[in-house]
file start_1.txt (compact mmCIF, C-alpha atoms)
# COMPACT_ATOMS: atom_id res chain seq x y z
CA MET A 9 -20.27 -7.35 13.40
CA GLU A 10 -20.80 -9.67 16.31
CA GLU A 11 -20.70 -8.55 19.89
CA ALA A 12 -17.42 -9.01 21.68
CA VAL A 13 -17.64 -11.68 24.34
CA PHE A 14 -15.68 -11.35 27.56
CA ASP A 15 -14.89 -14.16 29.94
CA GLY A 16 -14.59 -13.19 33.60
CA ALA A 17 -16.75 -10.92 35.71
CA SER A 18 -14.27 -8.48 37.16
CA GLU A 19 -11.97 -7.69 34.26
CA ALA A 20 -12.14 -8.09 30.50
CA PRO A 21 -9.46 -10.25 28.91
CA SER A 22 -6.93 -8.64 26.61
CA THR A 23 -8.19 -10.66 23.65
CA PRO A 24 -11.93 -10.60 22.80
CA ALA A 25 -13.53 -13.96 22.08
CA PHE A 26 -14.75 -14.80 18.60
CA GLY A 27 -18.42 -14.89 17.72
CA PRO A 28 -19.98 -17.49 15.39
CA TRP A 29 -18.63 -15.89 12.19
CA GLY A 30 -15.23 -15.48 13.79
CA ARG A 31 -15.11 -19.16 14.68
CA ARG A 32 -15.98 -20.07 11.10
CA LEU A 33 -13.28 -17.75 9.78
CA HIS A 34 -10.83 -19.17 12.30
CA GLY A 35 -11.64 -22.69 11.11
CA LEU A 36 -11.07 -21.70 7.48
CA THR A 37 -7.72 -20.08 8.25
CA ARG A 38 -6.74 -23.17 10.25
CA ALA A 39 -7.51 -25.36 7.23
CA PHE A 40 -5.30 -23.12 5.08
CA ALA A 41 -2.51 -23.35 7.67
CA ILE A 42 -2.76 -27.15 7.81
CA ALA A 43 -2.55 -27.27 4.02
CA GLY A 44 0.52 -25.04 4.16
CA GLY A 45 2.10 -27.26 6.80
CA LEU A 46 1.45 -30.37 4.72
CA GLY A 47 3.01 -28.55 1.79
CA PHE A 48 6.16 -27.89 3.81
CA ILE A 49 6.32 -31.56 4.87
CA ALA A 50 6.07 -32.59 1.22
CA LEU A 51 8.83 -30.15 0.29
CA VAL A 52 11.10 -31.49 3.04
CA ALA A 53 10.47 -35.07 1.88
CA MET A 54 11.21 -34.06 -1.72
CA SER A 55 14.41 -32.34 -0.64
CA ILE A 56 15.60 -35.42 1.29
CA VAL A 57 14.88 -37.67 -1.68
CA SER A 58 16.73 -35.28 -3.98
CA ILE A 59 19.78 -35.01 -1.71
CA VAL A 60 20.00 -38.77 -1.16
CA GLY A 61 19.51 -39.42 -4.86
CA ARG A 62 22.21 -36.91 -5.75
CA LYS A 63 24.72 -38.43 -3.31
CA LEU A 64 24.04 -42.11 -3.95
CA ALA A 65 22.99 -42.31 -7.59
CA ALA A 66 23.73 -38.87 -9.06
CA ALA A 67 19.99 -38.65 -9.69
CA PRO A 68 18.41 -35.70 -7.85
CA VAL A 69 14.78 -34.74 -8.27
CA PRO A 70 14.61 -32.71 -11.49
CA GLY A 71 14.00 -29.04 -10.76
CA ASP A 72 14.12 -29.55 -7.00
CA ILE A 73 15.26 -25.96 -6.37
CA GLU A 74 12.42 -24.58 -8.47
CA ILE A 75 9.90 -26.76 -6.67
CA MET A 76 11.27 -25.66 -3.29
CA GLN A 77 11.13 -21.96 -4.19
CA MET A 78 7.61 -22.03 -5.59
CA GLY A 79 6.20 -24.41 -3.00
CA THR A 80 7.65 -22.43 -0.10
CA ALA A 81 6.04 -19.23 -1.33
CA VAL A 82 2.58 -20.81 -1.60
CA ALA A 83 2.83 -22.72 1.71
CA SER A 84 4.07 -19.68 3.63
CA ALA A 85 1.28 -17.47 2.33
CA ALA A 86 -1.30 -20.07 3.39
CA MET A 87 -0.29 -19.68 7.06
CA LEU A 88 -0.52 -15.91 7.37
CA ALA A 89 -4.27 -15.65 7.97
CA TYR A 90 -4.19 -18.24 10.77
CA CYS A 91 -1.39 -16.29 12.43
CA GLU A 92 -3.60 -13.19 12.29
CA MET A 93 -6.61 -14.98 13.77
CA GLU A 94 -4.42 -16.39 16.55
CA HIS A 95 -3.03 -12.88 17.28
CA GLN A 96 0.51 -14.19 16.94
CA HIS A 97 2.02 -11.40 14.87
CA LEU A 98 4.91 -9.61 16.51
CA ARG A 99 3.86 -6.53 18.45
CA VAL A 100 5.64 -3.91 20.52
CA ASP A 101 3.41 -2.59 23.31
CA PHE A 102 6.04 -0.90 25.47
CA PHE A 103 4.49 2.54 24.99
CA THR A 104 0.87 1.38 25.26
CA ALA A 105 1.07 -0.98 28.24
CA ARG A 106 -0.20 1.69 30.67
CA LEU A 107 -3.11 2.83 28.51
CA SER A 108 -6.63 1.83 29.43
CA GLN A 109 -7.89 -1.37 27.90
CA PRO A 110 -10.43 0.39 25.63
CA ALA A 111 -7.63 2.60 24.29
CA ARG A 112 -5.44 -0.43 23.64
CA HIS A 113 -8.33 -2.19 21.92
CA ARG A 114 -8.83 0.79 19.60
CA LEU A 115 -5.12 0.84 18.75
CA ASP A 116 -5.28 -2.91 18.10
CA ALA A 117 -8.30 -2.35 15.87
CA LEU A 118 -6.36 0.24 13.87
CA SER A 119 -3.39 -2.09 13.46
CA HIS A 120 -5.63 -4.93 12.27
CA LEU A 121 -7.34 -2.57 9.83
CA LEU A 122 -3.99 -1.46 8.40
CA LEU A 123 -2.95 -5.09 8.02
CA ALA A 124 -6.23 -5.83 6.22
CA LEU A 125 -5.70 -2.95 3.80
CA VAL A 126 -2.12 -3.99 3.05
CA ALA A 127 -3.17 -7.62 2.56
CA ALA A 128 -5.97 -6.55 0.22
CA VAL A 129 -3.53 -4.51 -1.87
CA ILE A 130 -1.08 -7.44 -1.98
CA ALA A 131 -3.88 -9.81 -3.04
CA TRP A 132 -4.96 -7.39 -5.75
CA ARG A 133 -1.47 -6.79 -7.12
CA THR A 134 -0.59 -10.49 -6.91
CA GLY A 135 -3.67 -11.28 -8.97
CA VAL A 136 -2.72 -8.62 -11.51
CA GLY A 137 0.81 -10.02 -11.63
CA ALA A 138 -0.50 -13.55 -12.21
CA ALA A 139 -2.65 -12.34 -15.09
CA SER A 140 0.33 -10.55 -16.59
CA LEU A 141 2.53 -13.65 -16.29
CA LYS A 142 -0.16 -15.76 -17.91
CA GLU A 143 -0.40 -13.36 -20.81
CA ALA A 144 3.38 -13.35 -21.21
CA GLY A 145 3.54 -17.15 -21.05
CA GLU A 146 6.45 -17.12 -18.60
CA ALA A 147 7.58 -20.56 -17.42
CA SER A 148 10.15 -21.88 -14.97
CA MET A 149 13.61 -22.55 -16.40
CA LEU A 150 13.95 -26.30 -15.83
CA LEU A 151 10.46 -27.72 -15.36
CA LEU A 152 8.78 -25.27 -17.72
CA TRP A 153 5.88 -24.87 -15.27
CA PRO A 154 3.72 -21.80 -15.96
CA VAL A 155 4.77 -19.31 -13.29
CA TRP A 156 1.39 -17.60 -13.20
CA THR A 157 -0.24 -20.66 -11.59
CA VAL A 158 2.11 -20.44 -8.60
CA VAL A 159 1.55 -16.70 -8.22
CA ALA A 160 -2.22 -17.10 -8.56
CA ALA A 161 -2.19 -19.81 -5.87
CA MET A 162 -1.14 -17.19 -3.31
CA VAL A 163 -4.05 -14.83 -4.01
CA PRO A 164 -6.66 -16.71 -1.91
CA SER A 165 -4.28 -16.73 1.06
CA PHE A 166 -3.73 -12.98 0.90
CA ALA A 167 -7.45 -12.37 0.46
CA LEU A 168 -8.15 -14.52 3.51
CA LEU A 169 -5.54 -12.56 5.45
CA ALA A 170 -7.35 -9.35 4.52
CA ALA A 171 -10.66 -10.83 5.70
CA ALA A 172 -9.09 -11.94 8.99
CA GLY A 173 -7.60 -8.52 9.60
CA LEU A 174 -10.89 -6.79 8.82
CA TYR A 175 -12.77 -9.10 11.17
CA ASN A 176 -10.30 -8.52 13.99
CA ALA A 177 -10.42 -4.76 13.43
CA GLY A 178 -14.18 -4.75 13.93
CA LEU A 179 -13.97 -7.14 16.87
CA TYR A 180 -11.44 -5.06 18.76
CA TRP A 181 -13.21 -1.78 18.02
CA GLN A 182 -16.46 -3.19 19.35
CA ALA A 183 -14.64 -4.66 22.35
CA ALA A 184 -13.46 -1.16 23.30
CA ASP A 185 -17.10 -0.15 23.83
CA ALA A 186 -18.25 -3.41 25.42
CA PRO A 187 -19.74 -3.15 28.93
CA GLY A 188 -17.13 -5.55 30.33
CA ALA A 189 -14.19 -3.49 29.10
CA SER A 190 -12.23 -1.81 31.86
CA GLY A 191 -11.35 1.84 31.54
CA ALA A 192 -8.53 1.68 34.07
CA PRO A 193 -4.93 1.78 32.83
CA ALA A 194 -3.02 -1.47 32.89
CA ALA A 195 -1.20 -1.97 36.16
CA GLY A 196 2.59 -1.98 36.10
CA PRO A 197 4.71 -4.58 37.89
CA ALA A 198 5.10 -2.46 41.04
CA SER A 199 1.40 -1.68 41.39
CA ALA A 200 0.50 -5.30 40.66
CA ALA A 201 2.85 -6.45 43.41
CA ALA A 202 1.40 -3.90 45.84
CA ALA A 203 -2.15 -5.02 45.03
CA SER A 204 -1.17 -8.64 45.57
CA ALA A 205 0.44 -7.80 48.92
CA ALA A 206 -2.65 -5.89 50.05
CA ALA A 207 -4.93 -8.77 49.05
CA ASN A 208 -2.81 -11.24 50.96
CA GLY A 209 -2.16 -8.98 53.97
CA GLY A 210 -1.90 -10.81 57.26
CA ARG A 211 -1.47 -14.21 55.61
CA ALA A 212 1.79 -16.10 55.80
call {"tool": "encode", "arguments": {"input": "start_1.txt", "output": "C-alpha cells"}}
result
Amino acid sequence: MEEAVFDGASEAPSTPAFGPWGRRLHGLTRAFAIAGGLGFIALVAMSIVSIVGRKLAAAPVPGDIEIMQMGTAVASAAMLAYCEMEHQHLRVDFFTARLSQPARHRLDALSHLLLALVAAVIAWRTGVGAASLKEAGEASMLLLWPVWTVVAAMVPSFALLAAAGLYNAGLYWQAADAPGASGAPAAGPASAAAASAAANGGRA
C-alpha cells in the first residue's frame, strides 16, 4: 500500500491523497462512470423516441420497458466504484466529529473495508446468478434477450467497487499513522470561533 500524502504543513486534510496506484484506479472507475452516464443518455434518447413514436404513429420502440430496466441496472452499477473513490457515499459523522483525526481515519478505514467485503460478496453472487440464468436459458419476455448477459455485465462493476473499497481502507488506515496526521480532536463550532477571534485579536 502506498504512503498517504498530506497537503498542508500544519494540519492533515480529512481525505488522504491518492498515490500512483490510487490515481490509476480512480481513472478506471471514472471510465466506468462515464460509460454508465453514456448508457443513461442512450436510455433517455430511446425513451423519448419510444414515447413520441407511440403518440404520433402508435409505433413505440419494441421492448422499451425491458431495455430501460436492464440498461438502468447495468449503468447504475457502473457508477458505484467512482462514487467510492470520490468519497461521495452518504455518511453520518455526528458522533465521530469530535474524535481525533487518526481515530476518524481508522473508522473510515473500517467502513471502506466493510463496503469492499459486501461488494465482493455481491460480485460473487451476481456471477453465480448469471451462470445459473445461462444454464436455465432464461430470456426476456418481449425481446427474448438472454437475461444472464445483463446480469453478468454488472459483475465487473461490483468487483471494481470491491477493489476501490479495499484500496480506500488501506489508504485511510495508513493515513491514521502518517506523521502529518493530527491527534487532536476536531474542533467544534464554538472552539473554532474562539480560535478565530484569538487569531484576529486587536484587528478590526
call {"tool": "closest_residue", "arguments": {"input": "start_1.txt", "among": "A:Leu98, A:Met54, A:Leu118, A:Ala43", "to": "Glu74 in chain A", "atoms": "only C-alpha atoms"}}
result
A:Met54
call {"tool": "closest_residue", "arguments": {"input": "start_1.txt", "among": "A:Thr157, A:Ser119, A:Thr37, A:Gln109", "to": "Gly178 in chain A", "atoms": "all atoms listed in the file"}}
result
A:Ser119
call {"tool": "atom_distance", "arguments": {"input": "start_1.txt", "atom1": "CA of Asp116 in chain A", "atom2": "CA of Ala39 in chain A"}}
result
25.0 Å
call {"tool": "atom_distance", "arguments": {"input": "start_1.txt", "atom1": "CA of Ala53 in chain A", "atom2": "CA of Phe40 in chain A"}}
result
20.0 Å
call {"tool": "atom_distance", "arguments": {"input": "start_1.txt", "atom1": "CA of Gly30 in chain A", "atom2": "CA of Ala161 in chain A"}}
result
24.0 Å
call {"tool": "closest_residue", "arguments": {"input": "start_1.txt", "among": "A:Leu179, A:Met93, A:Leu115, A:Leu122", "to": "Gly35 in chain A", "atoms": "only C-alpha atoms"}}
result
A:Met93
call {"tool": "closest_residue", "arguments": {"input": "start_1.txt", "among": "A:Pro110, A:Gly135, A:Gly145, A:Gly71", "to": "Val163 in chain A", "atoms": "all atoms listed in the file"}}
result
A:Gly135
call {"tool": "residues_around", "arguments": {"input": "start_1.txt", "residues": "Leu123 in chain A", "least_positions_apart": "4", "cutoff": "8 Å", "atoms": "all atoms listed in the file", "output": "list in words"}}
result
Ser119, Ala127, Ala170 and Gly173 of chain A
call {"tool": "write_last_selection", "arguments": {"input": "start_1.txt", "atoms": "C-alpha atoms", "output": "PDB file, in the coordinates of the input"}}
result
ATOM      1  CA  SER A 119      -3.390  -2.090  13.460  1.00  0.00           C
ATOM      2  CA  ALA A 127      -3.170  -7.620   2.560  1.00  0.00           C
ATOM      3  CA  ALA A 170      -7.350  -9.350   4.520  1.00  0.00           C
ATOM      4  CA  GLY A 173      -7.600  -8.520   9.600  1.00  0.00           C
TER       5      GLY A 173
END
call {"tool": "residues_around", "arguments": {"input": "start_1.txt", "residues": "Ala177 in chain A", "least_positions_apart": "3", "cutoff": "7 Å", "atoms": "all atoms listed in the file", "output": "ChimeraX atom specification"}}
result
/A:117-118,120-121,173-174,180-181
call {"tool": "closest_residue", "arguments": {"input": "start_1.txt", "among": "A:Ala89, A:Ala111, A:Leu46, A:Val126", "to": "Ala183 in chain A", "atoms": "all atoms listed in the file"}}
result
A:Ala111
call {"tool": "closest_residue", "arguments": {"input": "start_1.txt", "among": "A:Val100, A:Ala160, A:Leu51, A:Ala128", "to": "Leu141 in chain A", "atoms": "only C-alpha atoms"}}
result
A:Ala160
call {"tool": "axis_aligned_box", "arguments": {"input": "start_1.txt", "around": "range 108-113 of chain A", "padding_each_side": "6 Å", "output": "lines of an AutoDock Vina configuration file"}}
result
center_x = -7.9
center_y = 0.2
center_z = 25.7
size_x = 17.0
size_y = 16.8
size_z = 19.5
call {"tool": "residues_around", "arguments": {"input": "start_1.txt", "residues": "range 76-83 of chain A", "least_positions_apart": "6", "cutoff": "7 Å", "atoms": "all atoms listed in the file", "output": "ChimeraX atom specification"}}
result
/A:44-45,47-48,51,158,161-162
call {"tool": "residues_near_point", "arguments": {"input": "start_1.txt", "point": "(1.2, 2.8, 25.3)", "cutoff": "12 Å", "atoms": "all atoms listed in the file", "output": "list of chain:residue names"}}
result
A:Arg99, A:Val100, A:Asp101, A:Phe102, A:Phe103, A:Thr104, A:Ala105, A:Arg106, A:Leu107, A:Ser108, A:Gln109, A:Pro110, A:Ala111, A:Arg112, A:His113, A:Arg114, A:Leu115, A:Asp116, A:Pro193, A:Ala194, A:Gly196
call {"tool": "residues_around", "arguments": {"input": "start_1.txt", "residues": "Ala172 in chain A", "least_positions_apart": "4", "cutoff": "8 Å", "atoms": "all atoms listed in the file", "output": "number ranges by chain"}}
result
A: 33, 89, 92-93, 124, 168, 176
call {"tool": "build_atoms", "arguments": {"input": "start_1.txt", "residues": "range 31-43 of chain A", "atoms": "N, CA and C atoms", "output": "JSON list (two decimals), in the frame of the given file"}}
result
[["chain", "number", "residue", "atom", "x", "y", "z"],
["A", 31, "ARG", "N", -15.53, -17.76, 14.54],
["A", 31, "ARG", "CA", -15.11, -19.16, 14.68],
["A", 31, "ARG", "C", -15.08, -19.85, 13.32],
["A", 32, "ARG", "N", -16.02, -19.50, 12.45],
["A", 32, "ARG", "CA", -15.98, -20.07, 11.10],
["A", 32, "ARG", "C", -14.75, -19.59, 10.33],
["A", 33, "LEU", "N", -14.46, -18.30, 10.44],
["A", 33, "LEU", "CA", -13.28, -17.75, 9.78],
["A", 33, "LEU", "C", -12.01, -18.36, 10.35],
["A", 34, "HIS", "N", -11.99, -18.55, 11.66],
["A", 34, "HIS", "CA", -10.83, -19.17, 12.30],
["A", 34, "HIS", "C", -10.65, -20.60, 11.79],
["A", 35, "GLY", "N", -11.74, -21.34, 11.63],
["A", 35, "GLY", "CA", -11.64, -22.69, 11.11],
["A", 35, "GLY", "C", -11.12, -22.73, 9.69],
["A", 36, "LEU", "N", -11.55, -21.76, 8.87],
["A", 36, "LEU", "CA", -11.07, -21.70, 7.48],
["A", 36, "LEU", "C", -9.58, -21.39, 7.44],
["A", 37, "THR", "N", -9.15, -20.42, 8.25],
["A", 37, "THR", "CA", -7.72, -20.08, 8.25],
["A", 37, "THR", "C", -6.89, -21.25, 8.78],
["A", 38, "ARG", "N", -7.45, -22.00, 9.73],
["A", 38, "ARG", "CA", -6.74, -23.17, 10.25],
["A", 38, "ARG", "C", -6.57, -24.22, 9.16],
["A", 39, "ALA", "N", -7.60, -24.40, 8.34],
["A", 39, "ALA", "CA", -7.51, -25.36, 7.23],
["A", 39, "ALA", "C", -6.42, -24.93, 6.24],
["A", 40, "PHE", "N", -6.35, -23.63, 5.96],
["A", 40, "PHE", "CA", -5.30, -23.12, 5.08],
["A", 40, "PHE", "C", -3.93, -23.39, 5.69],
["A", 41, "ALA", "N", -3.80, -23.15, 7.00],
["A", 41, "ALA", "CA", -2.51, -23.35, 7.67],
["A", 41, "ALA", "C", -2.10, -24.81, 7.66],
["A", 42, "ILE", "N", -3.06, -25.71, 7.86],
["A", 42, "ILE", "CA", -2.76, -27.15, 7.81],
["A", 42, "ILE", "C", -2.29, -27.54, 6.41],
["A", 43, "ALA", "N", -2.96, -27.00, 5.40],
["A", 43, "ALA", "CA", -2.55, -27.27, 4.02],
["A", 43, "ALA", "C", -1.13, -26.76, 3.78]]
